[in-house]
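Text of the file data25.txt, holding compact mmCIF, C-alpha atoms:
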```
# COMPACT_ATOMS: atom_id res chain seq x y z
CA MET R 1 32.78 249.01 178.11
CA ALA R 2 36.28 249.15 176.64
CA SER R 3 36.97 247.43 173.34
CA LYS R 4 39.02 244.24 173.74
CA LYS R 5 39.46 243.76 170.02
CA TYR R 6 42.72 245.73 170.05
CA ASP R 7 45.17 246.57 172.82
CA LEU R 8 46.23 249.94 171.47
CA VAL R 9 45.41 252.26 168.60
CA ILE R 10 47.50 255.19 167.40
CA ILE R 11 45.15 257.69 165.83
CA ASN R 12 45.44 260.71 163.55
CA GLY R 13 49.13 260.35 162.76
CA ARG R 14 50.86 260.56 159.39
CA VAL R 15 51.83 256.90 158.96
CA ILE R 16 54.98 256.49 156.86
CA ASP R 17 56.29 253.06 155.87
CA PRO R 18 58.67 253.18 152.89
CA ASP R 19 58.75 249.37 152.75
CA LEU R 20 55.01 249.31 152.12
CA GLY R 21 55.07 252.45 150.01
CA PHE R 22 52.60 253.95 152.45
CA GLY R 23 52.44 257.59 153.53
CA LYS R 24 48.98 258.75 154.61
CA ASP R 25 47.02 259.99 157.59
CA ALA R 26 45.83 256.79 159.21
CA HIS R 27 45.05 254.87 162.40
CA LEU R 28 47.39 252.06 163.45
CA TYR R 29 45.95 249.17 165.46
CA ILE R 30 47.98 246.89 167.76
CA LYS R 31 47.00 243.51 169.21
CA ASP R 32 49.14 241.06 171.23
CA GLY R 33 52.33 242.97 170.46
CA LYS R 34 51.77 242.83 166.69
CA ILE R 35 50.56 245.25 164.04
CA ALA R 36 46.90 244.34 163.49
CA LYS R 37 46.03 246.78 160.71
CA ILE R 38 46.47 250.25 159.26
CA GLU R 39 43.21 251.96 158.47
CA ILE R 40 42.32 255.20 156.76
CA PRO R 41 39.94 257.23 159.00
CA SER R 42 36.24 257.04 158.12
CA ALA R 43 32.89 257.51 159.81
CA LYS R 44 32.92 253.80 160.66
CA THR R 45 36.35 253.91 162.30
CA GLU R 46 35.48 257.01 164.29
CA LYS R 47 32.42 255.24 165.66
CA GLU R 48 34.53 252.18 166.58
CA LEU R 49 37.08 254.35 168.41
CA LYS R 50 34.37 255.50 170.83
CA SER R 51 34.40 252.01 172.35
CA PHE R 52 38.07 252.36 173.40
CA ASP R 53 39.24 253.55 176.82
CA GLU R 54 41.50 256.59 176.91
CA ASN R 55 44.47 254.43 177.91
CA GLN R 56 44.04 252.38 174.74
CA ILE R 57 44.46 255.40 172.47
CA ILE R 58 47.51 257.44 171.53
CA ASP R 59 46.62 260.63 169.70
CA ALA R 60 49.38 261.30 167.17
CA SER R 61 47.83 264.42 165.64
CA GLY R 62 50.51 266.53 163.98
CA LYS R 63 53.05 263.72 164.31
CA ILE R 64 54.49 261.04 162.08
CA VAL R 65 54.21 257.34 162.89
CA VAL R 66 56.98 255.12 161.48
CA PRO R 67 58.45 251.65 161.97
CA GLY R 68 60.72 251.44 165.02
CA LEU R 69 64.10 252.88 164.05
CA ILE R 70 67.06 250.51 163.68
CA ASP R 71 70.66 251.52 164.46
CA VAL R 72 73.25 249.12 163.02
CA HIS R 73 76.21 250.66 164.86
CA VAL R 74 76.07 251.13 168.64
CA HIS R 75 78.59 250.65 171.44
CA LEU R 76 76.91 249.46 174.64
CA ARG R 77 80.28 249.05 176.46
CA GLU R 78 79.11 246.15 178.62
CA PRO R 79 80.93 243.98 179.57
CA GLY R 80 83.93 245.90 180.85
CA ARG R 81 83.12 249.61 180.68
CA GLU R 82 79.94 249.88 182.69
CA ASP R 83 81.11 253.29 183.94
CA ALA R 84 80.43 254.66 180.43
CA GLU R 85 77.35 252.63 179.47
CA THR R 86 75.48 249.44 180.27
CA ILE R 87 73.18 247.41 178.08
CA ALA R 88 70.24 248.71 180.13
CA SER R 89 71.23 252.39 179.96
CA GLY R 90 72.20 252.16 176.30
CA CYS R 91 68.81 250.70 175.45
CA GLN R 92 67.10 253.44 177.46
CA ALA R 93 69.03 255.96 175.35
CA ALA R 94 67.99 254.05 172.23
CA ALA R 95 64.32 254.20 173.22
CA ALA R 96 64.62 257.93 173.94
CA GLY R 97 66.08 258.36 170.45
CA GLY R 98 63.29 256.34 168.81
CA PHE R 99 65.38 253.22 168.20
CA THR R 100 63.67 249.92 168.92
CA SER R 101 66.56 247.80 167.62
CA VAL R 102 70.32 248.28 167.96
CA CYS R 103 73.32 246.27 166.82
CA CYS R 104 76.04 246.27 169.46
CA MET R 105 79.71 246.29 168.52
CA PRO R 106 82.14 243.67 169.89
CA ASN R 107 85.00 245.90 171.14
CA THR R 108 84.04 245.37 174.76
CA THR R 109 86.26 243.98 177.54
CA PRO R 110 86.33 241.03 177.06
CA ARG R 111 85.70 241.12 173.34
CA ILE R 112 82.56 239.57 171.90
CA ASP R 113 84.48 236.86 170.06
CA ASN R 114 83.00 233.70 171.60
CA GLN R 115 79.63 232.17 172.43
CA GLU R 116 79.85 232.88 176.15
CA THR R 117 80.18 236.64 175.70
CA VAL R 118 77.41 236.68 173.10
CA LYS R 119 75.13 234.90 175.57
CA PHE R 120 76.08 237.35 178.32
CA VAL R 121 74.93 240.28 176.18
CA GLN R 122 71.78 238.49 175.06
CA ASP R 123 70.83 237.62 178.65
CA ARG R 124 71.34 241.21 179.82
CA ALA R 125 69.27 242.48 176.90
CA LYS R 126 66.20 240.34 177.63
CA VAL R 127 64.62 243.02 179.83
CA ALA R 128 66.02 246.06 178.01
CA ASP R 129 64.01 248.81 176.32
CA ALA R 130 65.25 247.89 172.83
CA ARG R 131 66.01 244.75 170.90
CA VAL R 132 69.76 244.09 170.95
CA TYR R 133 71.37 242.23 168.05
CA VAL R 134 74.95 241.14 168.63
CA VAL R 135 77.74 241.71 166.11
CA GLY R 136 80.67 239.37 166.78
CA ALA R 137 84.37 240.00 166.27
CA ILE R 138 86.03 239.01 162.99
CA THR R 139 89.26 238.07 164.74
CA LYS R 140 90.04 236.75 168.20
CA ASN R 141 90.42 239.58 170.70
CA ILE R 142 90.11 241.97 167.72
CA GLU R 143 93.84 241.58 167.17
CA GLY R 144 93.63 240.93 163.43
CA LYS R 145 95.75 237.78 163.72
CA GLU R 146 93.39 234.79 163.87
CA LEU R 147 89.76 234.41 162.82
CA SER R 148 87.16 234.02 165.52
CA GLU R 149 85.00 230.87 165.46
CA ILE R 150 82.59 232.51 163.06
CA GLY R 151 80.28 229.51 162.79
CA ASP R 152 79.88 229.39 166.58
CA LEU R 153 79.12 233.12 166.68
CA VAL R 154 76.42 232.74 164.02
CA LYS R 155 74.91 229.73 165.80
CA MET R 156 74.67 231.85 168.92
CA GLY R 157 72.76 234.53 167.02
CA CYS R 158 75.33 237.04 165.78
CA VAL R 159 73.92 238.93 162.78
CA ALA R 160 77.26 240.12 161.38
CA ILE R 161 80.96 240.32 162.24
CA THR R 162 83.30 243.29 162.61
CA ASP R 163 86.50 244.35 164.32
CA ASP R 164 85.03 247.84 164.65
CA GLY R 165 87.57 250.27 165.97
CA HIS R 166 90.23 248.30 164.12
CA TYR R 167 90.79 247.58 160.44
CA VAL R 168 91.56 243.98 159.51
CA GLN R 169 94.98 244.90 158.15
CA ASN R 170 96.01 241.47 156.84
CA PRO R 171 94.33 240.94 153.43
CA GLU R 172 94.60 237.14 153.67
CA ILE R 173 92.66 237.12 156.95
CA MET R 174 90.08 239.48 155.49
CA ARG R 175 89.72 237.20 152.46
CA ARG R 176 89.08 234.17 154.68
CA ALA R 177 86.64 236.18 156.78
CA LEU R 178 84.65 237.11 153.67
CA GLU R 179 84.58 233.46 152.59
CA TYR R 180 83.36 232.25 155.99
CA ALA R 181 80.81 235.04 156.32
CA ASN R 182 79.52 234.20 152.84
CA MET R 183 79.01 230.57 153.91
CA PHE R 184 76.80 231.75 156.77
CA ASN R 185 75.12 234.53 154.74
CA ILE R 186 76.08 237.36 157.06
CA PRO R 187 77.79 240.64 156.15
CA ILE R 188 81.20 241.78 157.29
CA MET R 189 81.03 245.30 158.73
CA GLN R 190 84.44 246.81 158.12
CA HIS R 191 86.04 249.75 159.92
CA ALA R 192 87.91 251.01 156.87
CA GLU R 193 91.08 252.76 157.99
CA ASP R 194 94.59 251.61 157.14
CA LYS R 195 96.40 251.79 160.48
CA PHE R 196 99.84 252.36 158.94
CA LEU R 197 98.65 255.51 157.19
CA CYS R 198 96.57 256.89 160.05
CA GLY R 199 98.59 255.61 163.00
CA GLY R 200 98.71 258.24 165.72
CA GLY R 201 96.40 260.61 163.85
CA VAL R 202 93.85 262.38 166.01
CA MET R 203 92.05 264.43 163.35
CA ASN R 204 91.79 264.67 159.58
CA GLU R 205 95.09 265.39 157.84
CA SER R 206 94.43 268.77 156.27
CA TYR R 207 95.21 272.45 156.48
CA GLU R 208 93.40 272.45 159.83
CA SER R 209 95.59 269.73 161.37
CA THR R 210 98.71 271.59 160.23
CA ARG R 211 97.39 274.87 161.60
CA LEU R 212 96.51 273.31 164.95
CA GLY R 213 99.70 271.27 165.22
CA LEU R 214 97.82 267.97 165.61
CA LYS R 215 98.82 264.68 163.99
CA GLY R 216 96.60 264.02 161.01
CA ALA R 217 95.01 260.88 159.60
CA PRO R 218 94.64 261.22 155.82
CA ALA R 219 91.43 260.36 153.98
CA ALA R 220 93.59 258.13 151.79
CA ALA R 221 93.73 255.67 154.71
CA GLU R 222 89.98 255.13 154.33
CA GLU R 223 90.04 255.16 150.54
CA ILE R 224 92.76 252.49 150.34
CA ALA R 225 90.99 250.29 152.90
CA VAL R 226 87.70 250.48 151.02
CA GLN R 227 89.33 249.81 147.65
CA ARG R 228 91.19 246.77 149.00
CA ASP R 229 88.05 245.25 150.49
CA ILE R 230 86.10 245.87 147.29
CA ALA R 231 88.82 243.96 145.42
CA LEU R 232 88.62 241.07 147.90
CA THR R 233 84.82 240.97 147.71
CA ARG R 234 85.09 240.92 143.92
CA LEU R 235 87.52 238.00 144.21
CA VAL R 236 85.70 235.71 146.64
CA GLY R 237 82.17 237.08 146.95
CA GLY R 238 80.49 237.81 150.24
CA ARG R 239 78.71 240.85 151.58
CA LEU R 240 80.73 243.89 152.55
CA HIS R 241 79.30 246.70 154.69
CA VAL R 242 81.46 249.80 155.09
CA GLN R 243 81.01 251.52 158.42
CA HIS R 244 80.90 255.30 159.03
CA VAL R 245 81.93 256.48 155.56
CA SER R 246 83.60 259.87 155.92
CA CYS R 247 85.43 260.89 152.72
CA LYS R 248 84.65 261.62 149.08
CA GLU R 249 86.99 258.98 147.66
CA ALA R 250 85.36 256.22 149.72
CA VAL R 251 81.90 257.31 148.56
CA ASP R 252 83.07 257.27 144.93
CA ALA R 253 84.60 253.80 145.34
CA ILE R 254 81.42 252.38 146.87
CA ARG R 255 79.27 253.95 144.15
CA ASP R 256 81.45 252.40 141.43
CA ALA R 257 81.44 248.99 143.18
CA LYS R 258 77.65 249.01 143.35
CA ALA R 259 77.45 249.86 139.65
CA GLU R 260 79.74 246.89 139.00
CA GLY R 261 77.35 244.59 140.88
CA ILE R 262 79.46 243.95 143.98
CA ASP R 263 77.41 243.21 147.09
CA ILE R 264 78.40 246.25 149.13
CA THR R 265 76.46 248.49 151.48
CA ALA R 266 77.46 251.45 153.61
CA GLU R 267 76.43 253.68 156.48
CA ALA R 268 76.99 257.32 157.43
CA THR R 269 76.79 258.99 160.83
CA PRO R 270 75.06 262.28 161.63
CA HIS R 271 78.36 263.85 162.69
CA HIS R 272 80.03 263.11 159.37
CA LEU R 273 76.96 264.54 157.60
CA ILE R 274 76.96 267.73 159.66
CA LEU R 275 80.40 268.62 161.04
CA THR R 276 83.83 269.30 159.52
CA ASP R 277 87.37 269.48 160.87
CA GLU R 278 87.07 273.27 160.99
CA GLU R 279 85.04 272.90 164.21
CA ILE R 280 87.96 271.46 166.18
CA GLY R 281 90.07 274.60 166.34
CA LYS R 282 87.25 276.69 167.83
CA GLU R 283 87.56 275.31 171.36
CA PHE R 284 89.32 271.93 171.07
CA ASN R 285 86.19 270.15 172.27
CA THR R 286 87.36 266.56 172.81
CA ASN R 287 83.87 265.32 171.92
CA LEU R 288 84.79 266.23 168.33
CA ARG R 289 87.50 263.58 168.35
CA VAL R 290 85.99 260.63 166.50
CA ASN R 291 87.27 257.74 164.44
CA PRO R 292 87.26 258.12 161.46
CA PRO R 293 87.82 261.83 162.00
CA LEU R 294 85.68 264.72 160.87
CA ARG R 295 86.76 265.61 157.33
CA THR R 296 86.58 268.65 155.05
CA GLN R 297 83.56 270.49 153.70
CA ALA R 298 84.03 268.73 150.34
CA ASP R 299 84.02 265.35 152.07
CA LYS R 300 80.90 266.23 154.04
CA GLU R 301 79.10 267.25 150.84
CA ALA R 302 80.18 264.01 149.15
CA VAL R 303 78.82 261.90 152.02
CA ILE R 304 75.50 263.77 151.86
CA ALA R 305 75.39 263.22 148.08
CA GLY R 306 76.08 259.52 148.62
CA LEU R 307 73.27 259.30 151.12
CA VAL R 308 70.88 261.06 148.75
CA ASP R 309 71.67 258.98 145.67
CA GLY R 310 71.60 255.62 147.48
CA THR R 311 75.33 254.93 147.51
CA ILE R 312 75.09 255.04 151.32
CA ASP R 313 72.28 252.78 152.47
CA CYS R 314 71.67 253.72 156.07
CA ILE R 315 72.18 256.25 158.84
CA ALA R 316 73.88 254.92 161.98
CA SER R 317 74.73 256.83 165.14
CA ASP R 318 78.02 255.09 166.03
CA HIS R 319 76.93 255.79 169.63
CA ALA R 320 80.27 255.69 171.46
CA PRO R 321 79.89 256.65 175.13
CA HIS R 322 82.88 257.70 177.24
CA SER R 323 83.02 258.90 180.82
CA ILE R 324 83.47 262.59 181.60
CA GLU R 325 86.85 261.81 183.16
CA SER R 326 88.24 260.11 180.06
CA LYS R 327 87.18 262.96 177.76
CA ASP R 328 88.45 265.63 180.18
CA SER R 329 91.96 265.77 178.72
CA GLU R 330 94.04 267.24 175.94
CA PHE R 331 92.49 266.68 172.51
CA ASP R 332 95.13 264.19 171.40
CA GLN R 333 94.82 262.19 174.63
CA ALA R 334 91.03 261.80 174.63
CA PRO R 335 89.47 258.55 173.41
CA PRO R 336 87.60 258.86 170.10
CA GLY R 337 83.81 258.77 169.97
CA MET R 338 80.61 260.61 170.81
CA VAL R 339 77.15 259.57 171.97
CA GLY R 340 74.49 259.76 169.29
CA LEU R 341 71.38 257.68 169.93
CA GLU R 342 69.36 260.51 171.47
CA THR R 343 70.31 263.25 169.00
CA THR R 344 70.14 261.43 165.64
CA VAL R 345 66.50 262.19 164.80
CA GLY R 346 66.79 265.89 165.65
CA LEU R 347 70.07 266.29 163.79
CA ILE R 348 68.82 264.55 160.65
CA LYS R 349 65.57 266.52 160.65
CA THR R 350 67.36 269.84 161.17
CA PHE R 351 70.32 269.40 158.85
CA ILE R 352 69.15 266.92 156.20
CA ILE R 353 65.35 267.12 155.87
CA ASP R 354 64.89 270.81 156.62
CA LYS R 355 67.71 271.72 154.23
CA GLY R 356 65.93 269.89 151.42
CA TYR R 357 68.33 267.04 150.87
CA MET R 358 65.86 264.26 151.64
CA SER R 359 62.20 263.67 152.55
CA TRP R 360 60.95 261.99 155.70
CA ALA R 361 60.19 258.85 153.65
CA ASP R 362 63.76 258.75 152.31
CA VAL R 363 65.26 259.19 155.78
CA ILE R 364 62.96 256.62 157.38
CA ARG R 365 63.99 254.09 154.75
CA LYS R 366 67.65 254.65 155.70
CA MET R 367 66.79 254.07 159.37
CA THR R 368 64.32 251.18 159.15
CA SER R 369 63.84 248.92 156.13
CA ASN R 370 67.35 249.29 154.70
CA PRO R 371 69.15 248.37 157.96
CA ALA R 372 66.74 245.46 158.46
CA LYS R 373 67.46 244.10 154.99
CA ILE R 374 71.24 244.51 155.26
CA LEU R 375 71.40 242.47 158.47
CA GLY R 376 68.41 240.20 157.94
CA LEU R 377 66.59 241.60 160.97
CA PRO R 378 62.87 241.47 161.70
CA GLY R 379 61.28 244.89 161.83
CA GLY R 380 61.65 247.91 159.62
CA THR R 381 58.01 247.72 158.57
CA LEU R 382 54.48 248.27 159.79
CA ALA R 383 53.11 245.36 157.76
CA GLU R 384 50.21 243.47 159.28
CA GLY R 385 51.48 240.72 161.60
CA SER R 386 54.90 242.28 162.18
CA ASP R 387 56.15 243.19 165.65
CA ALA R 388 54.56 246.39 166.91
CA ASP R 389 57.86 248.30 167.06
CA ILE R 390 56.83 251.88 166.37
CA THR R 391 58.37 255.33 166.65
CA ILE R 392 56.20 258.45 166.87
CA ILE R 393 58.02 261.66 165.97
CA ASP R 394 56.95 265.26 166.46
CA PRO R 395 58.52 266.78 163.33
CA ASP R 396 58.03 270.38 164.39
CA LYS R 397 59.09 270.14 168.04
CA ARG R 398 61.89 272.59 168.79
CA TRP R 399 64.28 271.56 171.55
CA THR R 400 67.74 272.16 172.93
CA VAL R 401 70.20 269.33 173.48
CA ARG R 402 70.85 269.10 177.22
CA ALA R 403 73.25 266.72 178.94
CA ASP R 404 71.02 266.42 182.01
CA LYS R 405 68.22 265.03 179.83
CA PHE R 406 70.26 262.17 178.37
CA GLN R 407 69.21 258.62 179.24
CA SER R 408 72.72 257.43 178.41
CA LYS R 409 75.21 257.21 181.26
CA SER R 410 77.58 259.35 179.18
CA THR R 411 77.20 262.87 177.86
CA ASN R 412 80.12 263.16 175.43
CA SER R 413 78.26 265.03 172.70
CA PRO R 414 79.52 268.09 170.81
CA PHE R 415 75.88 269.01 170.13
CA ILE R 416 75.03 269.93 173.73
CA GLY R 417 73.43 273.38 173.69
CA MET R 418 72.43 273.12 170.03
CA LYS R 419 68.86 273.98 169.09
CA LEU R 420 67.20 271.31 166.95
CA LYS R 421 63.84 270.69 165.32
CA GLY R 422 62.17 267.28 165.35
CA GLN R 423 61.99 265.07 168.42
CA VAL R 424 60.84 261.58 169.36
CA TYR R 425 57.45 261.68 171.08
CA LYS R 426 56.90 258.02 171.95
CA THR R 427 58.69 254.74 171.32
CA ILE R 428 56.77 251.47 171.32
CA LEU R 429 58.46 248.07 171.56
CA GLY R 430 56.36 245.01 170.91
CA GLY R 431 53.20 246.97 171.62
CA ARG R 432 54.56 248.38 174.89
CA VAL R 433 55.41 252.07 175.36
CA VAL R 434 59.06 252.11 176.47
CA PHE R 435 59.60 255.86 176.15
CA GLU R 436 57.33 258.88 176.14
CA ARG R 437 58.30 262.50 176.13
```

Please express what this file holds, its structure, as C-alpha cells.
Amino acid sequence: MASKKYDLVIINGRVIDPDLGFGKDAHLYIKDGKIAKIEIPSAKTEKELKSFDENQIIDASGKIVVPGLIDVHVHLREPGREDAETIASGCQAAAAGGFTSVCCMPNTTPRIDNQETVKFVQDRAKVADARVYVVGAITKNIEGKELSEIGDLVKMGCVAITDDGHYVQNPEIMRRALEYANMFNIPIMQHAEDKFLCGGGVMNESYESTRLGLKGAPAAAEEIAVQRDIALTRLVGGRLHVQHVSCKEAVDAIRDAKAEGIDITAEATPHHLILTDEEIGKEFNTNLRVNPPLRTQADKEAVIAGLVDGTIDCIASDHAPHSIESKDSEFDQAPPGMVGLETTVGLIKTFIIDKGYMSWADVIRKMTSNPAKILGLPGGTLAEGSDADITIIDPDKRWTVRADKFQSKSTNSPFIGMKLKGQVYKTILGGRVVFER
C-alpha cells in the first residue's frame, strides 16, 4: 500500500539551499504542493521509503537539488510578437532551463504600461509551466516622456518597473519614478545606456569596432547612466536595480554606491560573463548582437569579479527571442538580443563554477534567494511550508547545445554547437513535474 503521507519525495540528492545555509545529502519531502521537510537519510527514513510507490519517488543520486531558479529578466514577447515567443512557449523554455519563476519585461506590443495589459499577461500565465511576475513600464509606451500610472500597475501585481530596452533619458522623470516606486516599495530596473552616446551603435566601441567598420557604442554610455541614477537615488531614496551590467566602470560605480549605503542591486548575464567583442569579427554571427553590447576582455573580467565579490547580486538570462527571419540579415540590421533560458545553467557551470570562480552554493544564491529578495517574490528557498518549486541539476552531464532541442520558439543563440557541462534534469513547480530530461 502506497504511503499517502507525502505526495513526492526526492531522494539521495545533494540538497543546496543558501538561504537556509544547508548543503547536505538529504531527502526532500513534498505534500500538497509545499515543502514538507528535508531529512538526512537514516535507517528509519530508508524503512519509511519502502512504503512509497515508484511514481512517488525521484532518485536524485549524483545530482543537486536546489530551490526553483528565478530569472528577473526575461522577454516573453506576448502580446505582439508571438512569432518569436509566447507566454506558454517562454515558460516551457524556462522550465527546461530550471527556472520556476520569471519576470517578464514590458517592451511588448502594446507595452505593459496599464492594468489591462498586465491582466492579459497574468491570465495567459495561469496555465504556464513557470510562475510569471510582471514588470511594468516606467513611462507610458516606454517613450520616456510621461510616467505610467505606477500605483495602478502595483495594484495589479507588478513587482517592479522598467523601460528595458530604453534608458529613461530625462533625469527629472527618473527622479519622479524613483520617488513613486519608493512609495510603493518596488525597485526600478534600469537599462543603463545613454542613448545620445550610444545612438546607432551596434557593438562595443573599441579597436574591434574600428577594425570591422561597425558603429560603436562606448562603455562610457553605461557608466554615465549608472552614475546619474546613483546620484538620483542618493538624492531621493528608492531602490535602484541595474540591468545587464557589462563594463568595468559600471561595476566600480555600483561597488562604491553599495559601500556608501545606497540601496542598489545589479544583475549580469551569462553572455557578458563569457563572451567579448572579439567574437563578432569571426563570422559576424548576428546572435552576438546584444544590448548592451559584448565588451572587452577587461570588462568581462570586471563583471566576473563583481559577481564574485557581491557587487552584482544575481544572474539573469535577458532571454530575448527573435525569429530566424529577423536575425537573418547584416549584423548592423539585426535586432539585438539572444535566447538564454535554456543555456544559462550549462554556461554558468562550464565557465564560472568549473573555472573556480564560484561554488554551486554561491551561484544558486545568485539565481534563487537574491532575486527573490530584490523583487519581494515568494520562492528562492526550500524552507518547510514554502512552495515546492524545485530544480534538480545533473552537474556532470555533458551536452551539446542544439537548436532543435530548444523549447523556445526562437533559436537565436550564439552558443549553438557548444559543448557544455551541467544540465537541468527535472523542474518541479508547486509539487508538479513540469520538465524532465

Query raised in the report: So which one's closest to R:Lys355, R:Leu429, R:Ile390, R:Thr139, R:Ile274? Using all atoms listed in the file, please.
Result: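 Closest to R:Lys355 of all the choices is R:Ile274.
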
Query - Nearest candidate to R:Ile280 (options R:Glu208, R:Asp362, R:Asp19, R:Asp164; using all atoms listed in the file) - result: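 Of R:Glu208, R:Asp362, R:Asp19, R:Asp164, the one nearest R:Ile280 is R:Glu208, counting all atoms listed in the file.
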
Report summary line: Nearest to R:Asp59, restricted to all atoms listed in the file and choosing among R:Ala160, R:Ile11, R:Ile186, R:Ala181, comes out as R:Ile11

Requested in this report: Just give me the gap between atom CA of R:Leu382 and atom CA of R:Val15 in Å, one decimal is fine.
Outcome: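 So the two atoms, atom CA of R:Leu382 and atom CA of R:Val15, lie 9.1 Å apart.
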
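Distance check against R:Asp229 using only C-alpha atoms: of R:Gly213, R:Leu178, R:His272, R:Lys248, the minimum falls on R:Leu178.
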
Query - Minimum-distance residue to R:Glu249, chosen among R:Gln227, R:Thr269, R:Ser42, R:Asn185 (using only C-alpha atoms) - result: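 With only C-alpha atoms as the atom set, the closest residue is R:Gln227.
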
Write out as a Markdown table the residues of stretch 298-340 of chain R that have any atom within 12 Å of an atom of stretch 231-243 of chain R, one row each with the nearest atom pair and its distance in Å to one decimal, counting all atoms listed in the file, sorted by chain and then rising number.
```
| residue | atom | partner | partner_atom | distance |
| --- | --- | --- | --- | --- |
| R:Thr311 | CA | R:Val242 | CA | 11.0 |
| R:Ile312 | CA | R:Val242 | CA | 9.1 |
| R:Asp313 | CA | R:His241 | CA | 9.5 |
| R:Cys314 | CA | R:Gln243 | CA | 9.9 |
| R:Ile315 | CA | R:Gln243 | CA | 10.0 |
| R:Ala316 | CA | R:Gln243 | CA | 8.7 |
| R:Ser317 | CA | R:Gln243 | CA | 10.6 |
| R:Asp318 | CA | R:Gln243 | CA | 8.9 |
```

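Each of R:Asn287, R:Gln423, R:Thr343, R:Thr391 was compared to R:Gln407 using all atoms listed in the file, and R:Thr343 turns out to be the nearest.
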
Given 8 Å of margin on each side, can you work out the centre and size in Å (one decimal) of an axis-aligned box holding every listed atom of stretch 188-207 of chain R, as lines of an AutoDock Vina configuration file?
```
center_x = 90.4
center_y = 257.1
center_z = 161.1
size_x = 34.8
size_y = 46.7
size_z = 25.7
```

Requested in this report: Excluding R:Leu307 and any residue of its chain fewer than 6 positions from it, enumerate the residues within 10 Å of it, using all atoms listed in the file, and give them as number ranges by chain.
Outcome: R: 251, 266-268, 273, 301, 313-315, 357-358, 362-363, 366

Report task. Quick one: pull the distance between atom CA of R:Leu347 and atom CA of R:Gly306, Å, one decimal. Result -> 17.7 Å

Report task. Provide the atom CA of R:Phe406 to atom CA of R:Arg124 distance in Å, to one decimal place. Result ->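 We find that atom CA of R:Phe406 and atom CA of R:Arg124 lie 21.0 Å from each other.
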
Rebuild stretch 414-431 of chain R to N, CA and C atoms - output it as a PDB file, in the coordinates of the input, please.
```pdb
ATOM      1  N   PRO R 414      79.164 266.717 171.180  1.00  0.00           N
ATOM      2  CA  PRO R 414      79.520 268.090 170.810  1.00  0.00           C
ATOM      3  C   PRO R 414      78.287 268.932 170.494  1.00  0.00           C
ATOM      4  N   PHE R 415      77.106 268.297 170.503  1.00  0.00           N
ATOM      5  CA  PHE R 415      75.880 269.010 170.130  1.00  0.00           C
ATOM      6  C   PHE R 415      75.138 269.581 171.338  1.00  0.00           C
ATOM      7  N   ILE R 416      75.684 269.393 172.537  1.00  0.00           N
ATOM      8  CA  ILE R 416      75.030 269.930 173.730  1.00  0.00           C
ATOM      9  C   ILE R 416      74.914 271.457 173.600  1.00  0.00           C
ATOM     10  N   GLY R 417      73.708 271.961 173.838  1.00  0.00           N
ATOM     11  CA  GLY R 417      73.430 273.380 173.690  1.00  0.00           C
ATOM     12  C   GLY R 417      72.873 273.763 172.331  1.00  0.00           C
ATOM     13  N   MET R 418      72.928 272.830 171.369  1.00  0.00           N
ATOM     14  CA  MET R 418      72.430 273.120 170.030  1.00  0.00           C
ATOM     15  C   MET R 418      70.900 273.062 170.001  1.00  0.00           C
ATOM     16  N   LYS R 419      70.301 273.973 169.256  1.00  0.00           N
ATOM     17  CA  LYS R 419      68.860 273.980 169.090  1.00  0.00           C
ATOM     18  C   LYS R 419      68.489 273.168 167.846  1.00  0.00           C
ATOM     19  N   LEU R 420      67.598 272.203 168.032  1.00  0.00           N
ATOM     20  CA  LEU R 420      67.200 271.310 166.950  1.00  0.00           C
ATOM     21  C   LEU R 420      65.695 271.328 166.752  1.00  0.00           C
ATOM     22  N   LYS R 421      65.265 270.802 165.627  1.00  0.00           N
ATOM     23  CA  LYS R 421      63.840 270.690 165.320  1.00  0.00           C
ATOM     24  C   LYS R 421      63.543 269.249 164.938  1.00  0.00           C
ATOM     25  N   GLY R 422      62.516 268.671 165.575  1.00  0.00           N
ATOM     26  CA  GLY R 422      62.170 267.280 165.350  1.00  0.00           C
ATOM     27  C   GLY R 422      62.623 266.427 166.512  1.00  0.00           C
ATOM     28  N   GLN R 423      61.651 265.823 167.210  1.00  0.00           N
ATOM     29  CA  GLN R 423      61.990 265.070 168.420  1.00  0.00           C
ATOM     30  C   GLN R 423      61.079 263.852 168.550  1.00  0.00           C
ATOM     31  N   VAL R 424      61.626 262.785 169.111  1.00  0.00           N
ATOM     32  CA  VAL R 424      60.840 261.580 169.360  1.00  0.00           C
ATOM     33  C   VAL R 424      59.808 261.868 170.439  1.00  0.00           C
ATOM     34  N   TYR R 425      58.561 261.473 170.161  1.00  0.00           N
ATOM     35  CA  TYR R 425      57.450 261.680 171.080  1.00  0.00           C
ATOM     36  C   TYR R 425      57.177 260.432 171.917  1.00  0.00           C
ATOM     37  N   LYS R 426      57.077 259.299 171.250  1.00  0.00           N
ATOM     38  CA  LYS R 426      56.900 258.020 171.950  1.00  0.00           C
ATOM     39  C   LYS R 426      57.610 256.924 171.178  1.00  0.00           C
ATOM     40  N   THR R 427      58.088 255.918 171.923  1.00  0.00           N
ATOM     41  CA  THR R 427      58.690 254.740 171.320  1.00  0.00           C
ATOM     42  C   THR R 427      57.982 253.513 171.864  1.00  0.00           C
ATOM     43  N   ILE R 428      57.553 252.647 170.954  1.00  0.00           N
ATOM     44  CA  ILE R 428      56.770 251.470 171.320  1.00  0.00           C
ATOM     45  C   ILE R 428      57.523 250.222 170.883  1.00  0.00           C
ATOM     46  N   LEU R 429      57.722 249.302 171.816  1.00  0.00           N
ATOM     47  CA  LEU R 429      58.460 248.070 171.560  1.00  0.00           C
ATOM     48  C   LEU R 429      57.537 246.885 171.813  1.00  0.00           C
ATOM     49  N   GLY R 430      57.238 246.152 170.755  1.00  0.00           N
ATOM     50  CA  GLY R 430      56.360 245.010 170.910  1.00  0.00           C
ATOM     51  C   GLY R 430      55.008 245.363 171.496  1.00  0.00           C
ATOM     52  N   GLY R 431      54.504 246.524 171.126  1.00  0.00           N
ATOM     53  CA  GLY R 431      53.200 246.970 171.620  1.00  0.00           C
ATOM     54  C   GLY R 431      53.229 247.648 172.981  1.00  0.00           C
TER      55      GLY R 431
END
```
